[in-house]
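Peer 1: Attaching a single structure in structure tokens format; questions to follow.
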4 protein chains.
Amino acid sequence: MYEIRGLNEECGVFGIWGHPEASELTYIALHSLQHRGQEGAGMVVSNGSYLFGARGMGLLTDALTKDQLRSLKTFPYAIGHVRYATTGGSELSNVQPFLFKSHHGDLGLAHNGNLVNAMNIRRALEDEGAIFQTSSDSEVFAHLLRRSKAGGKKARIKSALRQLKGAFAFVIMHEDSLTVAVDDHGVRPLMLGKIDGAYCVASETCAFAAINAEYIRDIEPGELITMTDDGIDFDRYTETDKPNMCSMEYIYFARADSEFRGTSTYTIRKALGKALYKEMDVEADIVIGVPDSSLAAAKGFSDASGIPQEQGLLKNRYVGRTFISPGQEARERAVRMKLSPVKDIVDGKRVIVIDDSIVRGTTSKFIVKALRKAGAKEIHMGVSSPPIKNPCYYGIDVSTHAEIIASKKSPEEICDRIGADSLTYLSVERMHEVYRTYGSRGECDACFTGKYPIEIIDQVLPQEKDLKTKGV
Amino acid sequence: MYEIRGLNEECGVFGIWGHPEASELTYIALHSLQHRGQEGAGMVVSNGSYLFGARGMGLLTDALTKDQLRSLKTFPYAIGHVRYATTGGSELSNVQPFLFKSHHGDLGLAHNGNLVNAMNIRRALEDEGAIFQTSSDSEVFAHLLRRSKAGGKKARIKSALRQLKGAFAFVIMHEDSLTVAVDDHGVRPLMLGKIDGAYCVASETCAFAAINAEYIRDIEPGELITMTDDGIDFDRYTETDKPNMCSMEYIYFARADSEFRGTSTYTIRKALGKALYKEMDVEADIVIGVPDSSLAAAKGFSDASGIPQEQGLLKNRYVGRTFISPGQEARERAVRMKLSPVKDIVDGKRVIVIDDSIVRGTTSKFIVKALRKAGAKEIHMGVSSPPIKNPCYYGIDVSTHAEIIASKKSPEEICDRIGADSLTYLSVERMHEVYRTYGSRGECDACFTGKYPIEIIDQVLPQEKDLKTKGV
Amino acid sequence: MYEIRGLNEECGVFGIWGHPEASELTYIALHSLQHRGQEGAGMVVSNGSYLFGARGMGLLTDALTKDQLRSLKTFPYAIGHVRYATTGGSELSNVQPFLFKSHHGDLGLAHNGNLVNAMNIRRALEDEGAIFQTSSDSEVFAHLLRRSKAGGKKARIKSALRQLKGAFAFVIMHEDSLTVAVDDHGVRPLMLGKIDGAYCVASETCAFAAINAEYIRDIEPGELITMTDDGIDFDRYTETDKPNMCSMEYIYFARADSEFRGTSTYTIRKALGKALYKEMDVEADIVIGVPDSSLAAAKGFSDASGIPQEQGLLKNRYVGRTFISPGQEARERAVRMKLSPVKDIVDGKRVIVIDDSIVRGTTSKFIVKALRKAGAKEIHMGVSSPPIKNPCYYGIDVSTHAEIIASKKSPEEICDRIGADSLTYLSVERMHEVYRTYGSRGECDACFTGKYPIEIIDQVLPQEKDLKTKGV
Amino acid sequence: MYEIRGLNEECGVFGIWGHPEASELTYIALHSLQHRGQEGAGMVVSNGSYLFGARGMGLLTDALTKDQLRSLKTFPYAIGHVRYATTGGSELSNVQPFLFKSHHGDLGLAHNGNLVNAMNIRRALEDEGAIFQTSSDSEVFAHLLRRSKAGGKKARIKSALRQLKGAFAFVIMHEDSLTVAVDDHGVRPLMLGKIDGAYCVASETCAFAAINAEYIRDIEPGELITMTDDGIDFDRYTETDKPNMCSMEYIYFARADSEFRGTSTYTIRKALGKALYKEMDVEADIVIGVPDSSLAAAKGFSDASGIPQEQGLLKNRYVGRTFISPGQEARERAVRMKLSPVKDIVDGKRVIVIDDSIVRGTTSKFIVKALRKAGAKEIHMGVSSPPIKNPCYYGIDVSTHAEIIASKKSPEEICDRIGADSLTYLSVERMHEVYRTYGSRGECDACFTGKYPIEIIDQVLPQEKDLKTKGV
């Protein structure tokens with residue numbers, strides 16, 4: 001239930017070096033990453049001498065026209081981006097990849113994540129006369145890169161990266177090279193793949209599946225990889241390494257078929273569902289997952305508990321923007337148009353509903369109400385993640401504190417509010433336990449615990465907040 | 001896999017009489033019927049004296065603008081239609097509901113189904129000087145109604161209906177009444193509901209769930225129901241009654257939460273999956289349903305067989321029109337963008353894949369190939385319906401004979417073509433058995449057996465075929 | 001000052017038979033007739049067996065897309081229409097040419113004018129079961145034609161035409177012939193031309209100039225001309241002949257380079273200006289014509305009086321839809337954005353302003369005010385036509401009585417209202433005198449005199465008025 | 001004949017300080033300046049603390065939506081721009097006003113003209129790490145301003161302006177001030193006006209007429225004017241002063257009602273026509289001006305010669321983008337759709353045609369051909385300016401040398417090419433004489449003489465040319 005929940009990933013990135021169908025593959029890959037951002041999309045390609053780009057607002061299929069795609073077709077090097085607007089308003093000028101032109105050479109830039117010292121750096125650069133034209137945090141990287149005095153392009157990139165704090169997976173294109181870098185906490189995923197001898201990178205492995213590429217491995221925190229026509233160079237921009245992969249990528253964002261270290265998110269989510277069962281001692285007749293993202297956790301819960309899983313809730317495939325009157329019933333109506341119970345499945349049953357997370361509680365409340373109306377005798381909510389209590393500064397658009405129900409209410413109060421017979425969250429400990437089972441070396445759990453692994457440096461002043469939301 | 005399969009329902013209808021929010025409820029109801037037609041949508045409303053309408057091309061959210069909805073807002077009587085173009089080209093003039101204006105009074109008309117003597121009637125009417133402006137088969141009804149000499153509106157409607165052959169669920173609006181009629185074979189579903197004291201009708205009960213209306217009962221073959229401000233009148237336009245509900249409605253078209261005689265399609269599909277197990281004696285490690293429409297059948301198969309069901313195939317929620325180059329790999333690429341296997345679920349497994357039907361075999365072939373690549377050891381296809389061998393003349397756009405794989409090939413040949421280790425179809429007998437269990441009194445199985453319950457009268461001549469596809 | 005005046009012509013028509021570039025020539029011709037209608041445009045072509053059409057809303061360049069034009073390209077027979085909405089609301093379904101398809105053969109129809117017994121005929125046809133789908137008066141002709149029992153196509157056309165009262169220039173396309181007819185009063189112009197051996201017809205000769213065709217002659221009241229591949233056939237549908245060409249065509253509607261019986265409208269308008277001088281004994285320093293349509297009359301006035309003509313008022317070429325706030329100054333602001341005085345030309349001068357007509361007086365009032373502000377010492381308005389006092393029923397959208405300033409006010413009162421020093425209208429007698437000089441055999445002057453040459457038969461009832469303005 | 005000639009002005013600017021309807025007045029003013037640029041338009045407003053902007057592609061009415069205008073409505077400070085793309089490709093990112101945001105304060109920038117050392121400065125700034133995001137020459141000013149170390153805003157603006165070479169009229173908005181500056185040659189016009197106590201500036205005085213503002217005076221070369229809430233400050237950014245107003249502004253670009261030092265362009269053009277007569281000793285029956293821009297010159301010629309002026313050529317008001325096939329006749333067809341002779345005016349006459357300039361000769365050639373076809377006995381072309389032989393580097397998009405007919409051919413050869421009986425150009429000397437009569441203190445005549453008053457510094461290298469035409 002993406003639209004309603006209030007949790008929004010900001011980006012997906014892709015890049016490929018040296019393939020005759022580079023731009024078409026990028027287009028397909030971006031399509032498979034569309035769940036990571038629906039507000040804009042773009043592509044920058046290179047012919048080995050100059051860069052060219054195209055970008056637009058909305059879904060990929062609206063953002064890039066057939067004519068634009070055709071014009072980018074013959075270029076063997078390409079990067080792409082799908083965007084959800086967190087930092088920076090939702091204007092075309094903030095849609096990535098950025099393309100900076102200069103007599104020193106062109107620069108293409110696609111970024112997934114969020115920098116926590118971008119404002120600070122921007123202020124310092126502006127004091128030196130720099131002019132910023134987007135309100136995106138990503139633009140500071142380009143300025144740092146251009147101003148670096150280090151010798152050699154790679155040295156300049158390293159120098160620029162070292163000044164950044166926060167979460168980032170960068171895909172950087174020069175006319176003759178593709179460079180990718182992941183912050184030393186590895187908050188956002190970036191994967192390495194190969195197709196027909198050409199290397200590629202993507203936010204998730206589902207992009208490799210879409211283009212029929214081979215998934216090689218996850219790119220590590222702090223890594224810096226450079227592709228040129230001479231081959232691929234593996235390096236690091238920093239020696240430190242303190243892994244903190246975003247927990248919500250596992251729980252909710254990544255597509256179920258996307259893999260982390262060879263394990264599908266589907267399998268990880270099943271394990272989260274199994275782990276939840278250990279903490280949720282409830283008798284019931286059926287288990288129902290909230291479609292689509294919680295079906296895996298429900299399957300895990302069902303396997304562990306032996307309680308059969310049924311499709312007791314269905315999701316309408318046609319969502320889009322509907323024009324319904326605001327007013328008393330409007331919000332509930334909106335949810336009802338998206339989710340519907342299967343009456344003869346739930347009627348007379350004791351039901352366990354598994355959801356992967358609760359942000360505002362609106363959807364949960366509707367689900368409970370709808371299932372009761374359909375005849376459910378008991379409704380027990382199980383959440384396959386801990387209570388979300390804190391905002392994210394590393395690239396996820398969680399609604400403000402005021403809207404996060406668990407920031408102010410206890411599970412008991414939330415249970416009461418949504419009208420369920422019981423409500424059980426997964427504990428933070430068991431969640432980490434699951435990740436470790438699948439080889440994760442450390443995860444960020446700040447949204448649950450408030451312990452932010454990377455210090456938040458920017459103090460957002462009123463003027464800059466405005467600057468973030470307005471623009472041309 | 002709607003887009004690829006080549007099976008397309010043509011319409012969904014809705015009508016409501018005497019509710020202060022009639023047009024908004026119609027809009028929401030049509031949204032929930034969107035799966036029945038995506039090429040156009042419209043609404044006609046009445047203020048008790050005149051009719052007014054709005055319609056457009058594409059999905060409901062594109063077809064009707066916010067301004068149009070606002071202009072229809074205060075009217076207490078409304079009918080609506082979502083259309084998939086079978087008969088009649090895809091021009092705005094063919095989008096329904098039709099609105100005919102006359103000094104005798106206005107007429108609004110929405111039709112789900114397909115008439116099999118429309119061309120014949122049209123030719124006769126044209127010989128008498130009638131002018132047709134759409135190429136839709138539904139327009140003949142309006143002409144018959146206007147030319148009827150019978151006394152009284154209801155008598156004229158009955159007289160017109162009796163001249164029609166084929167499948168139809170009509171929703172007919174006059175300024176002071178809403179009349180609905182179902183052909184005497186009852187090929188297409190039409191349901192009766194009630195909300196806040198106002199009666200409503202819809203192609204499927206999911207529309208009632210969407211607007212929070214009560215589902216009263218299925219409208220019977222041959223029924224003629226009239227709603228006025230004085231109440232509701234139940235009648236029949238014909239005494240005969242030979243029920244032949246379209247099997248594909250149960251198998252594939254209806255939304256899983258839609259009910260027939262109080263039973264959800266989900267439950268019927270589970271039963272089809274269970275029945276399939278009786279005919280498919282295969283050992284395997286996991287059962288996978290092709291999402292979304294075959295998940296219920298897979299669940300039934302899993303329950304019956306005891307083989308665990310897994311989400312081994314995932315569907316991309318973002319489809320839309322993508323611009324990929326035609327050519328050798330294009331078709332396969334298109335499927336790959338929509339369906340993807342979860343590798344670690346299928347790797348090393350003997351897999352049973354349940355699909356609800358096979359039309360061209362393209363998708364099945366891709367699924368087998370993709371699962372093998374993901375490591376599946378054995379792949380057995382189970383189809384929860386009999387082989388589709390014949391075109392439908394009653395309102396489903398099955399591709400031509402040439403494209404229906406089972407019209408020329410045996411199951412063994414199809415199995416060979418798609419590369420599966422085995423292929424099992426449900427038998428026609430067991431299929432009917434399932435329907436009977438849930439109270440169905442007779443089904444059309446012409447697409448499987450070639451036994452058409454209603455004679456196909458129109459002999460389509462070349463000129464008229466042209467007439468069908470061209471127009472302003 | 002078309003947009004502001006409130007006088008709107010409703011249509012321009014064109015047709016060509018047997019030219020390899022028929023559709024392209026039609027497109028260019030319609031472009032040159034754009035001043036006759038800007039609300040919609042369309043084309044119907046024939047390949048000799050069937051008709052095909054395309055039409056759309058707005059200016060020609062918006063109404064017909066490049067793809068549509070390409071699809072119509074190879075057809076050697078074409079008719080076209082530009083429309084201003086008088087009868088019939090402004091919906092696509094009312095945009096012409098109409099295309100009626102039938103197993104008897106197709107019919108394309110383009111109409112300029114307005115029928116005054118269409119409602120009457122429509123009511124009668126509806127009583128016989130006919131269904132009308134547009135709210136256009138032109139559709140009745142198609143019904144009459146189809147219902148005619150006369151032997152032979154030409155006989156049926158004559159029979160249908162004879163039942164019509166009002167103003168019409170019809171261009172009628174069957175797959176194998178192009179027929180054109182003008183009502184026996186000849187209210188609307190229709191011209192005959194020839195290009196590369198192919199005959200063509202157009203509302204004005206400027207269309208011939210645009211496509212480089214030869215202008216042959218004006219089609220006479222009551223004429224019926226049929227073109228087939230066998231040649232051209234000149235006939236009449238009626239013996240009577242009582243010419244009443246619309247005076248406003250000469251005064252205002254026709255493009256200045258369009259000719260009537262070999263004389264340009266420019267020349268006729270100059271003569272009207274000369275005639276006005278005979279009735280307007282005013283001393284002044286300069287004569288100014290209101291651009292663009294009154295420049296010719298001003299030239300005639302200047303020539304006759306010896307007072308030099310200057311471009312003291314300029315017209316902004318960019319008009320289009322601007323978003324300015326409604327309110328006190330809005331209307332005046334709108335005019336100011338379109339017309340502006342040249343200060344150093346009028347400063348200190350006694351000015352005669354020549355306008356070709358006054359409908360509401362808004363523009364005149366602004367002109368006087370603006371010229372005074374620019375320093376004009378005296379401002380004398382001369383109108384090169386008599387006072388418009390009555391609505392037109394023959395195809396011109398004059399605003400209602402309430403809005404026509406001369407319907408209630410004397411010239412003196414109008415002069416007072418617009419603030420001029422004097423106001424002189426051309427007399428009806430002198431106006432006719434001018435037309436006779438140039439060979440006109442009779443003109444309609446109903447908007448000036450109230451003497452309607454054709455009886456207005458339709459009694460528009462409330463329901464039908466609604467029918468006229470609403471629709472799908 | 002703007003579209004065909006190949007002479008395109010690049011910009012119009014407007015600014016207003018301290019008026020409650022600032023944004024609406026800016027919108028209306030830009031509408032009146034639309035002839036100076038049709039490829040994009042925008043507006044930046046201030047609330048006294050921050051700047052906000054909106055801009056778009058195409059004509060003003062397309063570029064700025066109703067919603068955008070509404071959002072800018074309450075702001076009392078505004079600047080605006082209409083753009084024709086010369087430098088910088090035609091992308092949204094190049095549409096002005098630019099809006100630069102910074103924690104030092106926001107900057108809005110609108111520019112009319114062209115800098116001739118922008119590339120040089122850009123290269124130098126890029127060497128220091130600056131990043132440019134548009135390909136517009138105007139952006140360098142913002143960088144120079146931000147990097148200036150001078151004390152005080154005005155000092156920084158002066159310092160930045162002094163580094164620029166070329167033609168410019170800048171309108172610069174800070175949150176608390178509006179600054180305007182004109183280069184010391186005064187190549188492009190900028191006018192000062194006042195409305196309801198608020199000062200405003202515009203490229204032409206027609207903008208003042210449109211909003212009903214008072215025209216105060218022309219801004220002088222080298223002037224720097226600052227408006228704040230404390231009042232207006234008149235200063236200069238440089239002491240030098242070498243006036244070189246663009247001759248083509250007088251001849252062709254400015255709207256006829258726009259004034260220079262109190263004299264309308266209409267009057268200046270009449271004088272050019274009179275001067276031409278002194279050099280053109282031809283007997284003829286009528287004088288015809290090519291509409292619209294040459295009607296004034298024709299009037300002057302007619303007055304001087306005593307030969308009567310007639311509207312022998314008419315211009316179609318509906319131009320827009322038409323889809324006609326390329327090919328042999330296409331170009332001529334395009335002109336024929338825009339210009340048409342009035343046959344009975346020219347038939348049998350000896351005609352003098354006055355055009356204000358000839359660039360490629362295509363239109364002239366068509367005019368001669370069309371007039372001959374219409375019966376003209378003799379055709380003498382008079383051009384009210386000298387032969388255009390050289391490109392413009394100061395902001396006019398004259399087509400390349402190759403396309404300028406007079407760059408390679410003598411008047412005799414041109415006369416021969418266009419098929420006229422004689423061709424006379426105005427001499428450079430007489431042209432200057434006319435300007436001096438009306439108070440001009442010096443004009444640029446480089447396009448006629450090749451004597452460029454400002455040295456062209458930028459040496460455009462291949463890469464940068466690419467940079468100019470490509471971008472995101």
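Chain labels A, B, ... are given in the sequence in which chains occur in the structure tokens; within each chain residues are numbered consecutively from 1, and ligands are likewise numbered from 1 in the order shown.
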Write out as a PyMOL selection string the set of residues from stretch 51-297 of chain D that DSSP, computed on the backbone, places in strand (DSSP E).

Peer 2: chain D and resi 51-57+77-83+98-100+107-115+166-174+177-182+191-195+198-202+214-218+223-228+231-236+245-246+259-260+263-264+286-289

Peer 1: Give me the residues near stretch 115-122 of chain D as a PyMOL selection string, where near means some atom within 9 Å (using only C-alpha atoms) and where sequence neighbours in that chain fewer than 2 positions away do not count.

Peer 2: (chain A and resi 102-103) or (chain D and resi 113+124-127+130+132+136-141+143-144+163-168+393-395+454-460+464)

Peer 1: Within 6 Å of chain C, which residues belong to chain D? Use only C-alpha atoms and report them as JSON, numbers by chain.

Peer 2: {"D": [61, 210, 257, 322, 336, 337, 342]}

Peer 1: Take the residues that were just selected and, keeping N, CA and C atoms, output them as a PDB file, in the first residue's frame.

Peer 2:
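again.pdb was written with the following content:
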ATOM      1  N   THR D  61       1.078  32.292 -23.589  1.00  0.00           N
ATOM      2  CA  THR D  61      -0.169  31.664 -23.151  1.00  0.00           C
ATOM      3  C   THR D  61      -0.019  30.162 -22.965  1.00  0.00           C
ATOM      4  N   ALA D 210       0.116  48.738 -23.074  1.00  0.00           N
ATOM      5  CA  ALA D 210      -0.720  47.573 -22.778  1.00  0.00           C
ATOM      6  C   ALA D 210      -1.211  47.583 -21.337  1.00  0.00           C
ATOM      7  N   ASP D 257       3.793  50.787 -32.799  1.00  0.00           N
ATOM      8  CA  ASP D 257       3.352  51.790 -31.840  1.00  0.00           C
ATOM      9  C   ASP D 257       4.378  52.033 -30.740  1.00  0.00           C
ATOM     10  N   THR D 322       1.747  24.355 -39.827  1.00  0.00           N
ATOM     11  CA  THR D 322       0.924  23.541 -40.710  1.00  0.00           C
ATOM     12  C   THR D 322       1.750  22.364 -41.189  1.00  0.00           C
ATOM     13  N   ARG D 336       2.593  31.170 -49.929  1.00  0.00           N
ATOM     14  CA  ARG D 336       1.278  31.436 -50.484  1.00  0.00           C
ATOM     15  C   ARG D 336       0.174  31.342 -49.431  1.00  0.00           C
ATOM     16  N   MET D 337       0.403  30.479 -48.429  1.00  0.00           N
ATOM     17  CA  MET D 337      -0.577  30.363 -47.353  1.00  0.00           C
ATOM     18  C   MET D 337      -0.556  31.591 -46.453  1.00  0.00           C
ATOM     19  N   VAL D 342      -4.337  40.969 -53.892  1.00  0.00           N
ATOM     20  CA  VAL D 342      -5.733  41.277 -54.207  1.00  0.00           C
ATOM     21  C   VAL D 342      -5.772  41.581 -55.701  1.00  0.00           C
TER      22      VAL D 342
END

Peer 1: For D:Ala41, list every protein, DNA or RNA residue within 12 Å, evaluated using only C-alpha atoms, and leave out those in the same chain fewer than 5 positions away; present the list as a PyMOL selection string.

Peer 2: chain D and resi 10-14+26-27+29-31+33-36+53-65+79-85+90-98+110

Peer 1: Take atom CA of B:Ile195 and atom CA of B:Asp229 and report the distance between them in Å, one decimal.

Peer 2: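 Interatomic distance here is 15.0 Å.
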
Peer 1: What's the separation between atom CA of A:Ala78 and atom CA of A:Leu178, in Å to one decimal place?

Peer 2: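 We find that atom CA of A:Ala78 and atom CA of A:Leu178 lie 8.6 Å from each other.
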
Peer 1: Hey, what's within 6 Å of D:Ser247 if we count only C-alpha atoms and toss same-chain stuff fewer than 3 positions away? As a PyMOL selection string, please?

Peer 2: chain D and resi 250+443-444

Peer 1: If you count only C-alpha atoms, which residues fall within 10 Å of D:Val434, apart from same-chain ones fewer than 2 positions away, as a tab-separated table (two decimals) with N, CA and C atoms, in the first residue's frame?

Peer 2:
chain	number	residue	atom	x	y	z
D	268	ILE	N	9.07	56.70	-37.70
D	268	ILE	CA	10.44	56.51	-38.21
D	268	ILE	C	10.40	55.72	-39.52
D	269	ARG	N	9.55	54.69	-39.55
D	269	ARG	CA	9.46	53.87	-40.76
D	269	ARG	C	8.87	54.65	-41.93
D	270	LYS	N	7.89	55.49	-41.63
D	270	LYS	CA	7.37	56.37	-42.69
D	270	LYS	C	8.49	57.22	-43.26
D	271	ALA	N	9.33	57.72	-42.36
D	271	ALA	CA	10.44	58.57	-42.80
D	271	ALA	C	11.43	57.77	-43.64
D	272	LEU	N	11.65	56.50	-43.28
D	272	LEU	CA	12.54	55.67	-44.08
D	272	LEU	C	11.94	55.48	-45.47
D	273	GLY	N	10.65	55.32	-45.52
D	273	GLY	CA	9.96	55.18	-46.81
D	273	GLY	C	10.09	56.45	-47.64
D	274	LYS	N	9.93	57.58	-46.97
D	274	LYS	CA	10.11	58.86	-47.67
D	274	LYS	C	11.52	59.00	-48.22
D	275	ALA	N	12.50	58.62	-47.37
D	275	ALA	CA	13.90	58.72	-47.78
D	275	ALA	C	14.17	57.81	-48.97
D	429	GLU	N	23.67	55.98	-45.71
D	429	GLU	CA	23.73	57.38	-45.28
D	429	GLU	C	22.34	57.93	-44.99
D	430	ARG	N	21.45	57.74	-45.95
D	430	ARG	CA	20.10	58.28	-45.75
D	430	ARG	C	19.43	57.63	-44.52
D	431	MET	N	19.71	56.37	-44.33
D	431	MET	CA	19.13	55.69	-43.17
D	431	MET	C	19.57	56.39	-41.89
D	432	HIS	N	20.88	56.61	-41.74
D	432	HIS	CA	21.36	57.29	-40.53
D	432	HIS	C	20.75	58.68	-40.41
D	436	ARG	N	18.88	60.27	-37.14
D	436	ARG	CA	19.34	61.50	-36.48
D	436	ARG	C	18.20	62.52	-36.35
D	437	THR	N	17.39	62.59	-37.42
D	437	THR	CA	16.24	63.49	-37.38
D	437	THR	C	15.38	63.26	-36.15
D	438	TYR	N	15.31	62.01	-35.75
D	438	TYR	CA	14.45	61.69	-34.60
D	438	TYR	C	15.24	61.55	-33.31
D	439	GLY	N	16.42	62.17	-33.28
D	439	GLY	CA	17.13	62.27	-32.01
D	439	GLY	C	18.06	61.14	-31.66
D	440	SER	N	18.21	60.16	-32.55
D	440	SER	CA	19.11	59.06	-32.24
D	440	SER	C	20.54	59.58	-32.26

Peer 1: Step one, run DSSP on the backbone; step two, keep only residues of stretch 58-244 of chain B assigned to alpha helix (DSSP H); then write them as number ranges by chain.

Peer 2: B: 60-63, 66-71, 118-127, 139-147, 153-162, 206-211

Peer 1: Output C-alpha atoms for every residue in that selection, as a PDB file, in the first residue's frame.

Peer 2:
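Listing of selection.pdb after writing:
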ATOM      1  CA  LEU B  60     -11.305   5.863 -16.196  1.00  0.00           C
ATOM      2  CA  THR B  61      -8.912   8.332 -14.597  1.00  0.00           C
ATOM      3  CA  ASP B  62      -7.951   9.634 -18.036  1.00  0.00           C
ATOM      4  CA  ALA B  63     -11.368   9.284 -19.650  1.00  0.00           C
ATOM      5  CA  LYS B  66     -12.231  16.327 -12.725  1.00  0.00           C
ATOM      6  CA  ASP B  67     -14.251  19.093 -14.352  1.00  0.00           C
ATOM      7  CA  GLN B  68     -16.546  16.609 -16.059  1.00  0.00           C
ATOM      8  CA  LEU B  69     -17.124  14.769 -12.809  1.00  0.00           C
ATOM      9  CA  ARG B  70     -17.896  17.980 -11.035  1.00  0.00           C
ATOM     10  CA  SER B  71     -20.437  18.917 -13.706  1.00  0.00           C
ATOM     11  CA  ALA B 118     -26.761  -7.009 -34.892  1.00  0.00           C
ATOM     12  CA  MET B 119     -25.479  -6.777 -38.473  1.00  0.00           C
ATOM     13  CA  ASN B 120     -28.578  -8.453 -39.789  1.00  0.00           C
ATOM     14  CA  ILE B 121     -30.843  -6.061 -37.945  1.00  0.00           C
ATOM     15  CA  ARG B 122     -28.730  -3.103 -38.932  1.00  0.00           C
ATOM     16  CA  ARG B 123     -28.949  -3.959 -42.615  1.00  0.00           C
ATOM     17  CA  ALA B 124     -32.715  -4.221 -42.355  1.00  0.00           C
ATOM     18  CA  LEU B 125     -33.009  -0.928 -40.498  1.00  0.00           C
ATOM     19  CA  GLU B 126     -30.747   0.820 -42.993  1.00  0.00           C
ATOM     20  CA  ASP B 127     -32.976  -0.413 -45.767  1.00  0.00           C
ATOM     21  CA  GLU B 139     -26.784   0.853 -31.266  1.00  0.00           C
ATOM     22  CA  VAL B 140     -29.310  -1.455 -32.917  1.00  0.00           C
ATOM     23  CA  PHE B 141     -31.125  -1.784 -29.611  1.00  0.00           C
ATOM     24  CA  ALA B 142     -31.772   1.969 -29.536  1.00  0.00           C
ATOM     25  CA  HIS B 143     -33.185   1.870 -33.065  1.00  0.00           C
ATOM     26  CA  LEU B 144     -35.424  -1.101 -32.315  1.00  0.00           C
ATOM     27  CA  LEU B 145     -36.662   0.634 -29.186  1.00  0.00           C
ATOM     28  CA  ARG B 146     -37.474   3.873 -31.001  1.00  0.00           C
ATOM     29  CA  ARG B 147     -39.241   2.111 -33.835  1.00  0.00           C
ATOM     30  CA  LYS B 153     -42.236   2.021 -22.483  1.00  0.00           C
ATOM     31  CA  LYS B 154     -41.805  -1.383 -20.882  1.00  0.00           C
ATOM     32  CA  ALA B 155     -43.632  -3.106 -23.705  1.00  0.00           C
ATOM     33  CA  ARG B 156     -41.411  -1.367 -26.212  1.00  0.00           C
ATOM     34  CA  ILE B 157     -38.283  -2.422 -24.341  1.00  0.00           C
ATOM     35  CA  LYS B 158     -39.471  -6.032 -24.192  1.00  0.00           C
ATOM     36  CA  SER B 159     -40.298  -5.985 -27.874  1.00  0.00           C
ATOM     37  CA  ALA B 160     -36.849  -4.650 -28.740  1.00  0.00           C
ATOM     38  CA  LEU B 161     -35.041  -7.124 -26.475  1.00  0.00           C
ATOM     39  CA  ARG B 162     -36.898 -10.063 -27.977  1.00  0.00           C
ATOM     40  CA  CYS B 206     -16.618  -6.005  -6.301  1.00  0.00           C
ATOM     41  CA  ALA B 207     -18.294  -2.755  -7.359  1.00  0.00           C
ATOM     42  CA  PHE B 208     -20.650  -3.065  -4.398  1.00  0.00           C
ATOM     43  CA  ALA B 209     -17.721  -3.632  -2.053  1.00  0.00           C
ATOM     44  CA  ALA B 210     -15.991  -0.555  -3.461  1.00  0.00           C
ATOM     45  CA  ILE B 211     -18.936   1.713  -2.718  1.00  0.00           C
TER      46      ILE B 211
END

Peer 1: Show which residues sit within 10 Å of A:Gly382, as a ChimeraX atom specification. Count only C-alpha atoms, and ignore same-chain residues fewer than 3 positions away.

Peer 2: /A:273,276-277,279-280,282,287-289,297-298,301,352-357,379,385,422-426
